[in-house]
$ cat run04.cif   # mmCIF, C-alpha atoms
data_input
loop_
_atom_site.label_atom_id
_atom_site.label_comp_id
_atom_site.auth_asym_id
_atom_site.auth_seq_id
_atom_site.Cartn_x
_atom_site.Cartn_y
_atom_site.Cartn_z
CA MET A 1 -50.39 43.46 -3.29
CA ILE A 2 -54.07 42.48 -3.29
CA VAL A 3 -56.15 43.06 -0.20
CA MET A 4 -59.47 41.28 0.08
CA THR A 5 -62.14 42.16 2.58
CA ALA A 6 -65.01 39.95 3.62
CA CYS A 7 -68.51 41.21 4.21
CA ALA A 8 -71.27 39.48 6.02
CA THR A 9 -73.68 38.08 3.44
CA SER A 10 -75.25 35.44 5.65
CA SER A 11 -76.09 34.94 9.29
CA THR A 12 -73.37 34.17 11.79
CA PRO A 13 -72.12 30.59 11.64
CA TYR A 14 -71.30 28.63 14.79
CA GLN A 15 -67.68 29.64 15.30
CA PRO A 16 -65.44 30.94 18.06
CA LEU A 17 -65.35 34.71 18.39
CA SER A 18 -61.94 36.01 17.41
CA ALA A 19 -60.41 39.32 16.40
CA GLY A 20 -60.90 38.35 12.75
CA SER A 21 -64.53 37.31 13.22
CA ARG A 22 -65.75 40.28 15.29
CA VAL A 23 -67.75 41.59 12.33
CA SER A 24 -69.41 38.26 11.66
CA GLY A 25 -69.74 37.21 15.33
CA GLY A 26 -69.38 33.92 17.19
CA TYR A 27 -69.24 32.36 20.65
CA SER A 28 -66.94 32.93 23.58
CA ASP A 29 -66.75 31.56 27.09
CA LEU A 30 -65.00 32.72 30.24
CA ARG A 31 -64.16 30.41 33.12
CA ILE A 32 -65.13 31.91 36.47
CA ASP A 33 -64.20 28.84 38.53
CA GLU A 34 -64.26 25.04 38.07
CA THR A 35 -68.03 24.78 37.57
CA HIS A 36 -69.02 28.37 36.70
CA TYR A 37 -68.72 29.85 33.20
CA ARG A 38 -69.97 32.89 31.33
CA VAL A 39 -70.98 31.87 27.80
CA SER A 40 -71.73 34.44 25.06
CA PHE A 41 -72.79 34.44 21.45
CA ALA A 42 -72.77 37.54 19.22
CA GLY A 43 -74.59 37.60 15.91
CA ASN A 44 -74.07 39.80 12.89
CA ARG A 45 -76.73 42.03 11.34
CA LEU A 46 -78.33 39.06 9.52
CA THR A 47 -78.60 36.77 12.56
CA SER A 48 -81.98 36.52 14.25
CA ARG A 49 -82.49 36.66 18.00
CA GLU A 50 -83.74 33.05 17.98
CA ARG A 51 -80.55 31.83 16.30
CA VAL A 52 -78.34 33.78 18.72
CA GLU A 53 -80.14 32.28 21.72
CA SER A 54 -80.12 28.73 20.34
CA TYR A 55 -76.39 28.97 19.52
CA LEU A 56 -75.78 30.21 23.08
CA LEU A 57 -77.68 27.22 24.46
CA PHE A 58 -75.79 24.86 22.14
CA ARG A 59 -72.44 26.32 23.26
CA ALA A 60 -73.42 25.88 26.92
CA ALA A 61 -74.29 22.23 26.25
CA GLU A 62 -71.10 21.68 24.25
CA LEU A 63 -68.95 23.24 26.99
CA THR A 64 -70.70 21.15 29.65
CA LEU A 65 -69.94 17.92 27.78
CA LEU A 66 -66.35 18.99 27.01
CA LYS A 67 -65.68 19.53 30.72
CA GLY A 68 -67.13 16.10 31.59
CA TYR A 69 -70.40 17.23 33.17
CA ASP A 70 -73.98 16.11 32.51
CA TYR A 71 -76.18 19.18 32.93
CA PHE A 72 -75.96 22.94 33.28
CA ILE A 73 -78.05 25.50 35.12
CA ILE A 74 -78.50 29.00 33.76
CA GLN A 75 -78.09 31.39 36.67
CA ASP A 76 -78.34 34.65 34.78
CA ARG A 77 -79.09 35.44 31.13
CA GLU A 78 -78.98 38.67 29.14
CA VAL A 79 -79.82 39.57 25.56
CA GLU A 80 -78.41 42.78 24.17
CA HIS A 81 -80.27 44.32 21.25
CA GLN A 82 -78.65 47.05 19.14
CA ILE A 83 -80.59 48.99 16.54
CA GLU A 84 -78.93 51.18 13.92
CA ARG A 85 -80.86 53.23 11.40
CA GLU A 86 -79.27 54.32 8.15
CA VAL A 87 -80.96 57.18 6.34
CA ARG A 88 -79.74 57.75 2.80
CA ARG A 89 -80.87 60.04 0.02
CA ASP A 90 -82.06 58.07 -2.98
CA PRO A 91 -79.12 58.18 -5.43
CA VAL A 92 -81.40 57.61 -8.45
CA TYR A 93 -83.84 60.41 -7.64
CA ASN A 94 -83.33 63.47 -9.78
CA PRO A 95 -86.45 64.98 -11.33
CA TRP A 96 -84.56 68.03 -12.60
CA PHE A 97 -82.40 66.19 -15.10
CA SER A 98 -82.47 62.91 -16.95
CA LEU A 99 -80.35 61.60 -19.80
CA ARG A 100 -83.57 60.78 -21.63
CA TYR A 101 -84.68 64.41 -21.56
CA GLY A 102 -81.42 66.02 -22.61
CA TYR A 103 -81.70 69.60 -21.43
CA TRP A 104 -85.49 69.76 -21.60
CA ARG A 105 -87.16 70.57 -18.33
CA PRO A 106 -90.89 70.78 -17.62
CA TYR A 107 -90.84 74.49 -16.93
CA TRP A 108 -93.26 77.00 -18.41
CA ARG A 109 -93.26 80.78 -18.45
CA TYR A 110 -96.36 82.74 -19.20
CA TYR A 111 -97.50 86.33 -19.11
CA ARG A 112 -100.52 87.56 -17.16
CA SER A 113 -101.80 90.93 -18.23
CA GLY A 114 -101.50 93.55 -15.57
CA VAL A 115 -99.25 91.33 -13.40
CA GLY A 116 -96.23 90.31 -15.54
CA TRP A 117 -94.30 87.16 -16.23
CA TYR A 118 -94.92 84.01 -14.21
CA HIS A 119 -93.34 80.59 -14.33
CA TRP A 120 -94.70 77.19 -13.46
CA TYR A 121 -92.52 74.25 -12.40
CA PRO A 122 -94.47 71.02 -11.70
CA TYR A 123 -91.99 69.57 -9.17
CA PHE A 124 -92.01 72.53 -6.81
CA GLY A 125 -94.06 71.98 -3.65
CA ASP A 126 -95.61 68.69 -4.75
CA PRO A 127 -95.13 65.86 -2.20
CA PHE A 128 -94.91 63.33 -5.03
CA TRP A 129 -91.69 64.98 -6.20
CA ALA A 130 -90.27 65.55 -2.74
CA GLU A 131 -86.78 64.29 -1.99
CA ARG A 132 -86.64 60.51 -1.67
CA TYR A 133 -84.91 58.82 1.26
CA SER A 134 -84.38 55.19 2.06
CA VAL A 135 -84.34 54.16 5.70
CA ARG A 136 -82.71 50.86 6.63
CA THR A 137 -82.89 49.38 10.12
CA ILE A 138 -80.07 47.09 11.20
CA GLU A 139 -80.51 44.92 14.29
CA ARG A 140 -77.80 42.98 16.09
CA PHE A 141 -78.24 40.58 18.99
CA GLU A 142 -75.77 39.32 21.57
CA ALA A 143 -76.75 36.86 24.30
CA SER A 144 -74.78 35.84 27.37
CA ALA A 145 -75.47 33.51 30.26
CA ASP A 146 -73.79 32.56 33.52
CA ILE A 147 -73.97 28.78 33.85
CA VAL A 148 -73.18 26.26 36.57
CA LEU A 149 -72.08 22.78 35.50
CA GLY A 150 -73.31 19.70 37.32
CA LYS A 151 -72.90 15.90 37.32
CA GLY A 152 -75.51 13.22 37.71
CA PRO A 153 -79.26 13.52 37.13
CA ARG A 154 -80.62 16.97 36.33
CA PRO A 155 -82.52 18.67 39.21
CA ASN A 156 -86.23 18.26 38.40
CA GLY A 157 -87.54 21.28 40.30
CA ASN A 158 -85.20 23.78 38.60
CA LEU A 159 -86.67 25.11 35.33
CA ARG A 160 -83.32 26.67 34.41
CA SER A 161 -81.50 23.33 34.34
CA PHE A 162 -80.80 21.56 31.02
CA ASP A 163 -79.53 18.11 30.14
CA ALA A 164 -76.46 18.84 28.01
CA ARG A 165 -76.75 15.72 25.81
CA GLU A 166 -80.43 16.35 25.09
CA VAL A 167 -79.84 20.02 24.20
CA SER A 168 -76.90 19.09 22.00
CA GLU A 169 -78.86 16.39 20.13
CA ARG A 170 -81.89 18.64 19.57
CA LEU A 171 -79.96 21.66 18.35
CA ALA A 172 -77.19 19.92 16.37
CA PRO A 173 -79.22 19.68 13.10
CA GLN A 174 -79.83 23.45 13.15
CA ILE A 175 -76.19 24.44 13.66
CA GLU A 176 -74.39 25.93 10.65
CA TYR A 177 -70.62 25.81 10.74
CA PRO A 178 -68.40 28.19 8.75
CA THR A 179 -67.45 27.12 5.23
CA GLN A 180 -63.77 26.92 4.52
#

$ encode --input "run04.cif" --output "structure tokens"
Amino acid sequence: MIVMTACATSSTPYQPLSAGSRVSGGYSDLRIDETHYRVSFAGNRLTSRERVESYLLFRAAELTLLKGYDYFIIQDREVEHQIEREVRRDPVYNPWFSLRYGYWRPYWRYYRSGVGWYHWYPYFGDPFWAERYSVRTIERFEASADIVLGKGPRPNGNLRSFDAREVSERLAPQIEYPTQ
């Protein structure tokens, strides 16, 4: 039996969030009532905040048009930002042994009269030869918005209202769908 696992090598495509896509992310929506929805989009570690927010806006416009409405108003919006830091010891770093050196080490012993034997090791205490670590920062973004759907002309005075067709047309060229 062969088991294959997928790893995220690109940013999150525009796809529904499912149990199988939790690692790579996607959109989800929850119906609150006939005209109220909570729309969310979760990105993976390679998805920028701008992409997460534009995919959220695109999903809100798509949902609005699917339900037969013309515009949507964002009542509340949140962006969650997670930061993970991985600290790893450099696996290549090893000044004490190298295959090129065999068993030779830069270590010297010498005798000082009246004091005795001393040794000198060039890597000891020198910051250049200190242990090497690589630090990697991983950021993940998830955006959610509570929207209200509406029919007819968009309210002009409300800055949180969006024409669903206009949003959909503007963002459609930027949307990347999953490859099959």

$ closest_residue --input "run04.cif" --among "A:Arg89, A:Ala164, A:Pro178, A:Gly150" --to "Arg136 (chain A)" --atoms "only C-alpha atoms"
A:Arg89

$ resolve_selection --input "run04.cif" --expression "the PyMOL selection byres ((chain A and resi 12) around 6)" --output "list in words"
Ser11, Pro13, Ser24, Gly25, Gly43, Asn44 and Thr47 of chain A

$ write_last_selection --input "run04.cif" --atoms "C-alpha atoms" --output "CSV table (one decimal), in the frame of the given file"
chain,number,residue,atom,x,y,z
A,11,SER,CA,-76.1,34.9,9.3
A,13,PRO,CA,-72.1,30.6,11.6
A,24,SER,CA,-69.4,38.3,11.7
A,25,GLY,CA,-69.7,37.2,15.3
A,43,GLY,CA,-74.6,37.6,15.9
A,44,ASN,CA,-74.1,39.8,12.9
A,47,THR,CA,-78.6,36.8,12.6

$ residues_around --input "run04.cif" --residues "Ala143 (chain A)" --least-positions-apart "3" --cutoff "7 Å" --atoms "all atoms listed in the file" --output "ChimeraX atom specification"
/A:40-42,52-53,56,78-80

$ atom_distance --input "run04.cif" --atom1 "CA of His36 (chain A)" --atom2 "CA of Ile147 (chain A)"
5.7 Å

$ resolve_selection --input "run04.cif" --expression "the PyMOL selection byres ((chain A and resi 163) around 8)" --output "JSON, numbers by chain"
{"A": [61, 70, 71, 72, 154, 161, 162, 164, 165, 166, 167]}
